$ cat model_28.csv   # CSV, C-alpha atoms
chain,number,residue,atom,x,y,z
A,1,MET,CA,101.6,139.0,88.3
A,2,THR,CA,103.2,135.8,89.5
A,3,SER,CA,104.6,136.2,92.9
A,4,THR,CA,107.2,133.4,92.8
A,5,ALA,CA,109.5,134.9,90.1
A,6,PRO,CA,112.1,137.3,91.6
A,7,ALA,CA,111.9,140.8,90.4
A,8,ALA,CA,114.4,141.0,87.6
A,9,VAL,CA,114.9,144.7,87.3
A,10,ALA,CA,113.5,147.0,90.0
A,11,PRO,CA,112.9,150.5,88.7
A,12,ASP,CA,114.6,153.4,90.3
A,13,GLY,CA,113.4,156.8,91.3
A,14,LEU,CA,109.8,157.7,91.8
A,15,SER,CA,108.5,154.7,89.8
A,16,GLY,CA,110.7,152.6,92.1
A,17,VAL,CA,108.8,153.9,95.1
A,18,THR,CA,105.5,153.0,93.4
A,19,ALA,CA,106.8,149.6,92.5
A,20,ASP,CA,108.0,148.9,96.0
A,21,TRP,CA,104.9,150.1,97.8
A,22,SER,CA,102.6,148.1,95.5
A,23,ALA,CA,104.8,145.1,95.5
A,24,ASP,CA,102.5,142.2,95.1
A,25,LYS,CA,100.7,142.8,98.4
A,26,GLN,CA,97.3,144.3,99.0
A,27,ALA,CA,96.4,144.9,102.6
A,28,PHE,CA,92.7,145.8,102.1
A,29,PRO,CA,90.6,143.9,99.6
A,30,VAL,CA,88.6,147.0,98.7
A,31,PRO,CA,88.9,149.3,95.7
A,32,TRP,CA,91.9,151.7,96.2
A,33,GLY,CA,89.6,154.7,96.0
A,34,LYS,CA,87.6,153.4,98.9
A,35,ALA,CA,90.6,152.7,101.0
A,36,MET,CA,92.0,156.2,100.2
A,37,MET,CA,88.6,157.8,101.0
A,38,TRP,CA,88.6,156.1,104.4
A,39,ILE,CA,92.1,157.3,105.2
A,40,PHE,CA,91.1,160.8,104.2
A,41,LEU,CA,88.1,160.6,106.4
A,42,LEU,CA,90.3,159.4,109.2
A,43,SER,CA,92.5,162.5,108.9
A,44,ASP,CA,89.4,164.6,108.8
A,45,THR,CA,88.3,163.0,112.0
A,46,PHE,CA,91.4,164.2,113.7
A,47,ILE,CA,90.9,167.8,112.3
A,48,PHE,CA,87.3,168.0,113.6
A,49,THR,CA,88.2,166.4,116.9
A,50,CYS,CA,90.9,169.1,117.3
A,51,PHE,CA,88.4,171.8,116.7
A,52,LEU,CA,85.8,170.3,119.1
A,53,THR,CA,88.5,169.6,121.8
A,54,SER,CA,89.8,173.2,121.6
A,55,TYR,CA,86.3,174.5,121.8
A,56,MET,CA,85.7,172.4,124.9
A,57,ASN,CA,89.0,173.6,126.3
A,58,VAL,CA,88.2,177.3,126.0
A,59,ARG,CA,84.7,176.7,127.3
A,60,MET,CA,86.1,175.0,130.4
A,61,SER,CA,88.7,177.6,131.0
A,62,THR,CA,86.7,180.8,130.6
A,63,THR,CA,85.5,182.6,133.8
A,64,GLU,CA,82.7,184.3,131.9
A,65,VAL,CA,79.3,182.8,131.4
A,66,TRP,CA,78.9,180.7,128.2
A,67,PRO,CA,76.0,181.9,126.0
A,68,ASN,CA,73.0,179.5,126.3
A,69,ALA,CA,72.8,177.9,122.9
A,70,SER,CA,69.2,176.8,123.5
A,71,GLN,CA,68.3,180.5,123.5
A,72,VAL,CA,70.8,181.8,121.0
A,73,PHE,CA,69.5,179.5,118.4
A,74,ALA,CA,65.8,179.9,119.2
A,75,LEU,CA,63.4,181.1,116.5
A,76,HIS,CA,60.4,183.3,117.1
A,77,ILE,CA,57.5,181.2,115.6
A,78,GLY,CA,53.8,182.0,116.2
A,79,GLY,CA,54.4,184.4,119.0
A,80,ALA,CA,56.7,182.1,121.1
A,81,ASP,CA,60.4,181.3,121.1
A,82,VAL,CA,60.9,177.7,120.0
A,83,PRO,CA,64.4,176.7,121.3
A,84,MET,CA,66.9,175.3,118.8
A,85,VAL,CA,64.2,174.7,116.1
A,86,LEU,CA,66.4,175.7,113.1
A,87,ILE,CA,69.2,173.4,114.3
A,88,ALA,CA,66.7,170.5,114.8
A,89,ILE,CA,65.4,170.9,111.2
A,90,MET,CA,69.0,171.1,109.9
A,91,THR,CA,69.7,167.9,111.7
A,92,PHE,CA,66.7,166.1,110.2
A,93,ILE,CA,67.6,167.4,106.7
A,94,LEU,CA,71.1,166.0,107.0
A,95,ILE,CA,69.9,162.6,108.2
A,96,THR,CA,67.3,162.5,105.4
A,97,SER,CA,70.1,163.3,102.9
A,98,SER,CA,72.1,160.5,104.4
A,99,GLY,CA,69.2,158.1,103.9
A,100,THR,CA,68.7,159.1,100.2
A,101,MET,CA,72.5,158.7,99.7
A,102,ALA,CA,72.4,155.2,101.1
A,103,LEU,CA,69.6,154.3,98.7
A,104,ALA,CA,71.6,155.8,95.8
A,105,VAL,CA,74.6,153.6,96.6
A,106,ASN,CA,72.2,150.6,96.6
A,107,TYR,CA,70.6,151.4,93.3
A,108,GLY,CA,74.0,152.2,91.9
A,109,TYR,CA,75.2,148.6,92.5
A,110,ARG,CA,71.9,147.4,90.8
A,111,ARG,CA,72.9,149.5,87.8
A,112,ASP,CA,69.7,151.5,88.0
A,113,ARG,CA,71.0,154.7,86.4
A,114,ALA,CA,67.8,156.8,86.6
A,115,ARG,CA,67.2,156.1,90.3
A,116,THR,CA,70.8,156.5,91.3
A,117,THR,CA,71.1,159.8,89.5
A,118,SER,CA,67.9,161.2,90.9
A,119,LEU,CA,68.6,160.0,94.5
A,120,MET,CA,72.1,161.6,94.3
A,121,LEU,CA,70.6,164.9,93.1
A,122,ILE,CA,68.0,164.8,95.8
A,123,THR,CA,70.8,164.3,98.3
A,124,ALA,CA,72.7,167.3,96.8
A,125,ALA,CA,69.5,169.4,97.1
A,126,PHE,CA,69.1,168.5,100.8
A,127,GLY,CA,72.8,169.5,101.2
A,128,ALA,CA,72.2,172.8,99.5
A,129,VAL,CA,69.2,173.5,101.7
A,130,PHE,CA,71.3,172.7,104.7
A,131,VAL,CA,74.0,175.2,103.6
A,132,GLY,CA,71.2,177.8,102.9
A,133,MET,CA,69.8,177.4,106.4
A,134,GLN,CA,73.3,177.7,107.8
A,135,ALA,CA,73.7,181.0,105.9
A,136,PHE,CA,70.5,182.2,107.4
A,137,GLU,CA,71.7,181.2,110.9
A,138,TRP,CA,75.0,183.0,110.5
A,139,THR,CA,73.2,186.1,109.2
A,140,LYS,CA,70.9,186.1,112.2
A,141,LEU,CA,73.7,185.7,114.7
A,142,ILE,CA,76.0,188.3,113.1
A,143,VAL,CA,73.3,190.9,112.2
A,144,ASP,CA,70.7,190.5,114.9
A,145,GLU,CA,72.6,189.2,117.9
A,146,GLY,CA,76.0,191.0,117.3
A,147,ILE,CA,78.1,187.8,117.6
A,148,ARG,CA,81.6,188.2,116.3
A,149,PRO,CA,84.7,185.9,116.4
A,150,TRP,CA,86.3,188.3,119.0
A,151,GLY,CA,83.3,188.9,121.2
A,152,ASN,CA,79.6,189.1,121.7
A,153,PRO,CA,77.1,190.8,124.0
A,154,LEU,CA,75.9,187.4,125.6
A,155,GLY,CA,79.0,186.3,127.4
A,156,ALA,CA,82.3,184.5,126.8
A,157,ALA,CA,84.1,185.9,123.7
A,158,GLN,CA,85.3,182.4,122.7
A,159,PHE,CA,81.7,181.5,121.8
A,160,GLY,CA,81.9,183.3,118.5
A,161,SER,CA,85.3,182.1,117.4
A,162,SER,CA,84.4,178.5,118.2
A,163,PHE,CA,81.0,178.7,116.5
A,164,PHE,CA,82.3,180.3,113.3
A,165,MET,CA,85.3,178.0,113.1
A,166,ILE,CA,83.5,174.7,113.7
A,167,THR,CA,80.2,175.3,111.8
A,168,GLY,CA,82.1,177.2,109.0
A,169,PHE,CA,84.5,174.3,108.5
A,170,HIS,CA,81.5,171.8,108.5
A,171,GLY,CA,79.6,174.0,106.1
A,172,LEU,CA,82.6,174.0,103.7
A,173,HIS,CA,82.5,170.2,103.8
A,174,VAL,CA,78.8,170.2,103.0
A,175,SER,CA,79.3,172.7,100.1
A,176,ALA,CA,82.2,170.6,98.7
A,177,GLY,CA,80.0,167.5,99.1
A,178,VAL,CA,77.2,169.1,97.1
A,179,ILE,CA,79.5,169.8,94.2
A,180,TYR,CA,81.1,166.3,94.5
A,181,LEU,CA,77.6,164.7,94.5
A,182,VAL,CA,76.4,166.7,91.4
A,183,VAL,CA,79.6,165.8,89.5
A,184,VAL,CA,79.3,162.1,90.2
A,185,ALA,CA,75.5,162.1,89.6
A,186,MET,CA,76.1,163.6,86.1
A,187,ARG,CA,78.6,160.8,85.4
A,188,VAL,CA,76.2,158.2,86.5
A,189,TRP,CA,73.6,159.7,84.3
A,190,ASN,CA,75.8,159.8,81.1
A,191,GLY,CA,76.8,156.2,81.6
A,192,PHE,CA,80.4,156.8,82.7
A,193,TYR,CA,80.4,154.1,85.3
A,194,ASP,CA,78.7,151.6,83.0
A,195,ARG,CA,81.7,152.1,80.6
A,196,LYS,CA,84.1,151.9,83.6
A,197,GLY,CA,82.4,148.7,84.6
A,198,THR,CA,81.9,149.5,88.3
A,199,TYR,CA,79.7,151.8,90.4
A,200,GLU,CA,82.2,151.9,93.4
A,201,THR,CA,82.6,155.6,92.9
A,202,VAL,CA,79.0,156.1,94.0
A,203,GLU,CA,79.8,154.2,97.3
A,204,ILE,CA,83.0,156.3,97.8
A,205,THR,CA,81.0,159.5,97.3
A,206,GLY,CA,78.5,158.1,99.8
A,207,LEU,CA,81.3,157.5,102.4
A,208,TYR,CA,82.2,161.2,102.2
A,209,TRP,CA,78.6,162.3,102.5
A,210,HIS,CA,77.8,160.1,105.5
A,211,PHE,CA,80.9,161.4,107.1
A,212,VAL,CA,79.6,165.0,106.8
A,213,ASP,CA,76.5,163.8,108.5
A,214,LEU,CA,78.6,162.0,111.1
A,215,VAL,CA,80.5,165.1,112.0
A,216,TRP,CA,77.2,167.0,112.4
A,217,VAL,CA,76.1,164.4,114.9
A,218,PHE,CA,79.1,165.4,117.1
A,219,ILE,CA,78.7,169.2,116.5
A,220,PHE,CA,75.0,168.9,117.4
A,221,ALA,CA,75.8,167.1,120.6
A,222,PHE,CA,78.8,169.1,121.8
A,223,PHE,CA,78.2,172.6,120.5
A,224,TYR,CA,74.4,173.0,120.4
A,225,LEU,CA,73.1,170.7,123.1
A,226,TRP,CA,76.0,170.6,125.7
B,227,MET,CA,79.4,138.9,99.2
B,228,ASP,CA,79.6,139.4,95.5
B,229,LYS,CA,82.9,141.2,95.2
B,230,ALA,CA,82.4,142.5,91.7
B,231,GLU,CA,79.3,144.3,92.7
B,232,GLY,CA,80.5,145.7,96.0
B,233,GLN,CA,78.3,146.3,99.0
B,234,GLN,CA,74.7,145.2,98.4
B,235,HIS,CA,72.2,144.8,101.2
B,236,PRO,CA,68.4,144.8,101.4
B,237,LEU,CA,66.8,148.2,101.3
B,238,ALA,CA,64.9,147.5,104.5
B,239,ILE,CA,68.1,147.8,106.5
B,240,TYR,CA,68.7,151.3,105.3
B,241,LEU,CA,65.1,152.3,105.9
B,242,TRP,CA,65.2,151.0,109.5
B,243,ILE,CA,68.4,152.7,110.3
B,244,TRP,CA,67.1,155.9,108.8
B,245,VAL,CA,64.0,155.7,111.0
B,246,THR,CA,66.1,154.9,114.1
B,247,LEU,CA,68.4,157.9,113.4
B,248,PHE,CA,65.3,160.2,113.2
B,249,VAL,CA,64.0,158.8,116.5
B,250,LEU,CA,67.4,159.2,118.2
B,251,SER,CA,67.7,162.8,116.9
B,252,ALA,CA,64.3,163.5,118.3
B,253,PHE,CA,65.3,162.1,121.6
B,254,SER,CA,68.4,164.3,121.8
B,255,TYR,CA,66.3,167.3,120.8
B,256,MET,CA,63.9,166.4,123.6
B,257,VAL,CA,66.8,166.5,126.1
B,258,ASP,CA,67.1,170.2,125.3
B,259,TYR,CA,63.4,170.9,124.9
B,260,PHE,CA,62.5,169.6,128.4
B,261,HIS,CA,65.5,171.3,130.0
B,262,VAL,CA,67.2,168.2,131.4
B,263,GLN,CA,70.3,169.5,133.2
B,264,GLY,CA,73.5,168.3,134.8
B,265,TYR,CA,75.0,164.9,134.5
B,266,LEU,CA,71.8,163.3,133.2
B,267,ARG,CA,71.8,165.8,130.3
B,268,TRP,CA,75.4,165.1,129.4
B,269,THR,CA,75.0,161.3,129.7
B,270,LEU,CA,71.9,161.3,127.5
B,271,ILE,CA,73.4,163.5,124.9
B,272,ILE,CA,76.5,161.3,124.7
B,273,ILE,CA,74.5,158.1,124.6
B,274,PHE,CA,72.3,159.3,121.7
B,275,MET,CA,75.3,160.7,119.9
B,276,LEU,CA,77.3,157.5,120.1
B,277,LEU,CA,74.3,155.4,119.0
B,278,LYS,CA,73.8,157.7,116.0
B,279,ALA,CA,77.5,157.7,115.1
B,280,GLY,CA,77.7,154.0,115.4
B,281,LEU,CA,74.7,153.3,113.2
B,282,ILE,CA,76.0,155.7,110.5
B,283,VAL,CA,79.5,154.2,110.4
B,284,ALA,CA,78.3,150.5,110.7
B,285,VAL,CA,75.4,150.5,108.3
B,286,PHE,CA,75.4,153.6,106.1
B,287,MET,CA,79.2,153.5,105.6
B,288,HIS,CA,79.1,149.7,105.5
B,289,MET,CA,81.9,149.3,108.1
B,290,ALA,CA,80.0,146.3,109.6
B,291,TRP,CA,80.6,144.3,106.5
B,292,GLU,CA,84.2,145.2,105.9
B,293,ARG,CA,87.1,142.9,106.9
B,294,LEU,CA,88.7,143.3,110.3
B,295,ALA,CA,91.9,144.7,108.9
B,296,LEU,CA,90.1,147.7,107.5
B,297,LYS,CA,88.0,148.1,110.6
B,298,PHE,CA,91.2,148.2,112.8
B,299,ALA,CA,93.0,150.6,110.4
B,300,ILE,CA,90.2,153.1,110.5
B,301,LEU,CA,88.6,152.8,113.9
B,302,VAL,CA,91.6,152.2,116.2
B,303,PRO,CA,93.7,155.4,115.4
B,304,PRO,CA,90.9,157.8,116.6
B,305,LEU,CA,91.3,156.2,120.1
B,306,CYS,CA,94.5,158.4,120.4
B,307,LEU,CA,92.2,161.3,120.4
B,308,LEU,CA,90.9,160.2,123.8
B,309,VAL,CA,94.4,161.1,125.2
B,310,LEU,CA,94.1,164.6,123.6
B,311,ILE,CA,90.7,165.1,125.1
B,312,GLY,CA,91.9,164.0,128.5
B,313,LEU,CA,94.9,166.3,128.4
B,314,MET,CA,92.9,169.2,127.2
B,315,ALA,CA,90.3,168.7,129.9
B,316,VAL,CA,93.0,168.8,132.6
B,317,GLU,CA,94.5,171.8,130.9
B,318,GLY,CA,91.2,173.6,130.7
B,319,ASP,CA,90.6,173.0,134.4
B,320,TYR,CA,94.0,174.3,135.3
B,321,THR,CA,93.6,177.5,133.3
B,322,PHE,CA,90.2,178.1,134.8
B,323,PHE,CA,91.5,177.8,138.4
B,324,THR,CA,94.5,179.9,137.6
B,325,ARG,CA,92.3,182.6,136.2
B,326,LEU,CA,90.0,182.4,139.2
B,327,SER,CA,92.9,182.8,141.7
B,328,GLU,CA,95.0,185.4,139.7
B,329,PHE,CA,92.6,187.5,137.7
B,330,VAL,CA,89.1,187.4,139.2
B,331,ARG,CA,88.5,189.1,142.4
$ encode --input "model_28.csv" --output "structure tokens"
Amino acid sequence: MTSTAPAAVAPDGLSGVTADWSADKQAFPVPWGKAMMWIFLLSDTFIFTCFLTSYMNVRMSTTEVWPNASQVFALHIGGADVPMVLIAIMTFILITSSGTMALAVNYGYRRDRARTTSLMLITAAFGAVFVGMQAFEWTKLIVDEGIRPWGNPLGAAQFGSSFFMITGFHGLHVSAGVIYLVVVAMRVWNGFYDRKGTYETVEITGLYWHFVDLVWVFIFAFFYLW
Amino acid sequence: MDKAEGQQHPLAIYLWIWVTLFVLSAFSYMVDYFHVQGYLRWTLIIIFMLLKAGLIVAVFMHMAWERLALKFAILVPPLCLLVLIGLMAVEGDYTFFTRLSEFVR
């Protein structure tokens, strides 16, 4: 569009809103999908920070002892309790999946369909393993240790509600990400983005996946290690 | 940067960041494993956490190569959350001391 000619007839109603907001001015020189994904991730940042802040608030305000995460999440391996080993493995799995995702984005821009597809499916597989380990962890806590959202035998009742809320919400994000990755990987494989002419969707999917890893960094630090 | 082909960087960058993230995670796990306690524990946890978060956002999410306008739009608003964190910390302390003085003998 030429910017010098005055708009002859501005549309009314909803298409008018669209026309006004898109009026010849683009703030961010990135694909719109990427800008929108960043804004979504920004809002998600606020949600997760609210969860972590409220968790810290109840942890500070309770007069009961807070259960020792290092012991709660220990696994009995080879006759000894190894502290937090499951959580450590989950952390490494998620970082590994972030690495394969970064490579997938790179190969996507090189138009290497086979490598992009397989790296994305590997990323999704790591994500699925992560969710599986989380299901194992939840089962262990609920069945073996009797931890409930309203109380537990180890100490402060708020431990359970914070734990299920925060890790549950993160697990939902991982699960949604696995589905998202598989859908986009299939589209890469059948040449959808070659026909579209750009692989930016792979990068946008990558943004979401790295964010899931990013949130885990904070959960690992504040919930498990603190 | 070739705008038509988006963000393209040498693979070596990603591999190095990947290795660094592994090492940093191992460090934060070591903090727990060797029972480091008190302010040293919290300081180390936060340092490793911020380093990991920064590397993920800057390199894996390509924020380092975006224009300043986008960086500002995404990275400045979360600073408001520091206010929330500060307020909730004060509130948590207040509730704790109220409970101690009113409900705990």
$ closest_atom_pairs --input "model_28.csv" --of "segment 16-121 of chain A" --to "segment 234-258 of chain B" --cutoff "7 Å" --atoms "only C-alpha atoms" --output "JSON lines"
{"residue": "A:Ala88", "atom": "CA", "partner": "B:Tyr255", "partner_atom": "CA", "distance": 6.8}
{"residue": "A:Phe92", "atom": "CA", "partner": "B:Phe248", "partner_atom": "CA", "distance": 6.8}
{"residue": "A:Gly99", "atom": "CA", "partner": "B:Trp244", "partner_atom": "CA", "distance": 5.8}
{"residue": "A:Ala102", "atom": "CA", "partner": "B:Tyr240", "partner_atom": "CA", "distance": 6.8}
{"residue": "A:Asn106", "atom": "CA", "partner": "B:Gln234", "partner_atom": "CA", "distance": 6.2}
{"residue": "A:Tyr109", "atom": "CA", "partner": "B:Gln234", "partner_atom": "CA", "distance": 6.8}
$ closest_atom_pairs --input "model_28.csv" --of "chain A" --to "chain B" --cutoff "8 Å" --atoms "only C-alpha atoms" --output "CSV"
residue,atom,partner,partner_atom,distance
A:Ala27,CA,B:Ala295,CA,7.7
A:Phe28,CA,B:Leu296,CA,6.3
A:Trp38,CA,B:Ile300,CA,7.0
A:Ile39,CA,B:Ile300,CA,7.0
A:Leu42,CA,B:Ile300,CA,6.4
A:Thr45,CA,B:Pro304,CA,7.4
A:Phe46,CA,B:Pro304,CA,7.0
A:Thr49,CA,B:Leu307,CA,7.4
A:Thr53,CA,B:Ile311,CA,6.0
A:Ser54,CA,B:Met314,CA,7.5
A:Met56,CA,B:Ala315,CA,7.7
A:Asn57,CA,B:Gly318,CA,4.9
A:Val58,CA,B:Gly318,CA,6.7
A:Arg59,CA,B:Gly318,CA,8.0
A:Met60,CA,B:Gly318,CA,5.3
A:Ser61,CA,B:Phe322,CA,4.1
A:Thr62,CA,B:Phe322,CA,6.1
A:Thr63,CA,B:Phe322,CA,6.6
A:Ser70,CA,B:Asp258,CA,7.2
A:Pro83,CA,B:Tyr259,CA,6.9
A:Ala88,CA,B:Tyr255,CA,6.8
A:Thr91,CA,B:Ser251,CA,7.6
A:Phe92,CA,B:Phe248,CA,6.8
A:Ile95,CA,B:Leu247,CA,7.2
A:Thr96,CA,B:Trp244,CA,7.4
A:Ser98,CA,B:Phe286,CA,7.8
A:Gly99,CA,B:Trp244,CA,5.8
A:Ala102,CA,B:Phe286,CA,6.0
A:Leu103,CA,B:Leu237,CA,7.2
A:Asn106,CA,B:Gln234,CA,6.2
A:Tyr109,CA,B:Glu231,CA,5.9
A:Thr198,CA,B:Glu231,CA,7.3
A:Tyr199,CA,B:Glu231,CA,7.9
A:Glu200,CA,B:Gly232,CA,6.9
A:Gly206,CA,B:Met287,CA,7.4
A:Leu207,CA,B:Met287,CA,5.5
A:His210,CA,B:Met287,CA,6.7
A:Leu214,CA,B:Ala279,CA,6.0
A:Val217,CA,B:Met275,CA,6.3
A:Phe218,CA,B:Met275,CA,6.7
A:Ala221,CA,B:Ile271,CA,6.1
A:Leu225,CA,B:Asp258,CA,6.4
A:Trp226,CA,B:Trp268,CA,6.7
$ atom_distance --input "model_28.csv" --atom1 "atom CA of Ala185 of chain A" --atom2 "atom CA of Met120 of chain A"
5.8 Å
$ residues_around --input "model_28.csv" --residues "segment 156-168 of chain A" --least-positions-apart "5" --cutoff "6 Å" --atoms "only C-alpha atoms" --output "PyMOL selection string"
chain A and resi 55+64-66+147-151
$ residues_around --input "model_28.csv" --residues "Val212 of chain A" --least-positions-apart "5" --cutoff "9 Å" --atoms "only C-alpha atoms" --output "PyMOL selection string"
chain A and resi 94+170+173-174+177+207+217
$ residues_near_point --input "model_28.csv" --point "(77.5, 151.1, 82.7)" --cutoff "12 Å" --atoms "only C-alpha atoms" --output "list in words"
Gly108, Tyr109, Arg110, Arg111, Asp112, Arg113, Ala114, Arg187, Val188, Trp189, Asn190, Gly191, Phe192, Tyr193, Asp194, Arg195, Lys196, Gly197, Thr198, Tyr199 and Glu200 of chain A
$ build_atoms --input "model_28.csv" --residues "segment 118-138 of chain A" --atoms "N, CA, C and O atoms" --output "CSV table (one decimal), in the coordinates of the input"
chain,number,residue,atom,x,y,z
A,118,SER,N,68.8,160.3,90.3
A,118,SER,CA,67.9,161.2,90.9
A,118,SER,C,68.1,161.2,92.5
A,118,SER,O,68.0,162.3,93.1
A,119,LEU,N,68.4,160.1,93.0
A,119,LEU,CA,68.6,160.0,94.5
A,119,LEU,C,69.8,160.9,94.9
A,119,LEU,O,69.8,161.5,95.9
A,120,MET,N,70.9,160.8,94.0
A,120,MET,CA,72.1,161.6,94.3
A,120,MET,C,71.7,163.1,94.2
A,120,MET,O,72.2,163.9,95.0
A,121,LEU,N,70.9,163.5,93.2
A,121,LEU,CA,70.6,164.9,93.1
A,121,LEU,C,69.7,165.4,94.2
A,121,LEU,O,69.8,166.5,94.7
A,122,ILE,N,68.8,164.5,94.7
A,122,ILE,CA,68.0,164.8,95.8
A,122,ILE,C,68.9,165.0,97.1
A,122,ILE,O,68.7,166.0,97.8
A,123,THR,N,69.9,164.1,97.2
A,123,THR,CA,70.8,164.3,98.3
A,123,THR,C,71.5,165.6,98.3
A,123,THR,O,71.7,166.3,99.2
A,124,ALA,N,72.0,166.0,97.0
A,124,ALA,CA,72.7,167.3,96.8
A,124,ALA,C,71.8,168.4,97.2
A,124,ALA,O,72.2,169.4,97.8
A,125,ALA,N,70.5,168.3,96.8
A,125,ALA,CA,69.5,169.4,97.1
A,125,ALA,C,69.3,169.5,98.6
A,125,ALA,O,69.3,170.7,99.1
A,126,PHE,N,69.2,168.4,99.3
A,126,PHE,CA,69.1,168.5,100.8
A,126,PHE,C,70.4,169.2,101.3
A,126,PHE,O,70.3,170.1,102.2
A,127,GLY,N,71.5,168.9,100.8
A,127,GLY,CA,72.8,169.5,101.2
A,127,GLY,C,72.8,171.0,101.0
A,127,GLY,O,73.1,171.8,101.8
A,128,ALA,N,72.3,171.4,99.8
A,128,ALA,CA,72.2,172.8,99.5
A,128,ALA,C,71.2,173.5,100.4
A,128,ALA,O,71.5,174.7,100.9
A,129,VAL,N,70.1,172.9,100.7
A,129,VAL,CA,69.2,173.5,101.7
A,129,VAL,C,69.8,173.7,103.0
A,129,VAL,O,69.7,174.7,103.7
A,130,PHE,N,70.6,172.6,103.5
A,130,PHE,CA,71.3,172.7,104.7
A,130,PHE,C,72.2,173.9,104.8
A,130,PHE,O,72.2,174.7,105.7
A,131,VAL,N,73.0,174.1,103.7
A,131,VAL,CA,74.0,175.2,103.6
A,131,VAL,C,73.2,176.6,103.7
A,131,VAL,O,73.6,177.5,104.3
A,132,GLY,N,72.0,176.6,102.9
A,132,GLY,CA,71.2,177.8,102.9
A,132,GLY,C,70.7,178.1,104.3
A,132,GLY,O,70.8,179.3,104.7
A,133,MET,N,70.3,177.1,105.1
A,133,MET,CA,69.8,177.4,106.4
A,133,MET,C,70.9,177.8,107.3
A,133,MET,O,70.8,178.7,108.2
A,134,GLN,N,72.1,177.3,107.1
A,134,GLN,CA,73.3,177.7,107.8
A,134,GLN,C,73.6,179.2,107.6
A,134,GLN,O,74.0,179.9,108.5
A,135,ALA,N,73.5,179.6,106.3
A,135,ALA,CA,73.7,181.0,105.9
A,135,ALA,C,72.7,181.9,106.6
A,135,ALA,O,73.1,182.9,107.2
A,136,PHE,N,71.5,181.4,106.7
A,136,PHE,CA,70.5,182.2,107.4
A,136,PHE,C,70.8,182.3,108.9
A,136,PHE,O,70.7,183.4,109.5
A,137,GLU,N,71.3,181.2,109.5
A,137,GLU,CA,71.7,181.2,110.9
A,137,GLU,C,72.8,182.1,111.2
A,137,GLU,O,72.8,182.9,112.2
A,138,TRP,N,73.8,182.1,110.3
A,138,TRP,CA,75.0,183.0,110.5
A,138,TRP,C,74.5,184.4,110.4
A,138,TRP,O,75.0,185.3,111.2
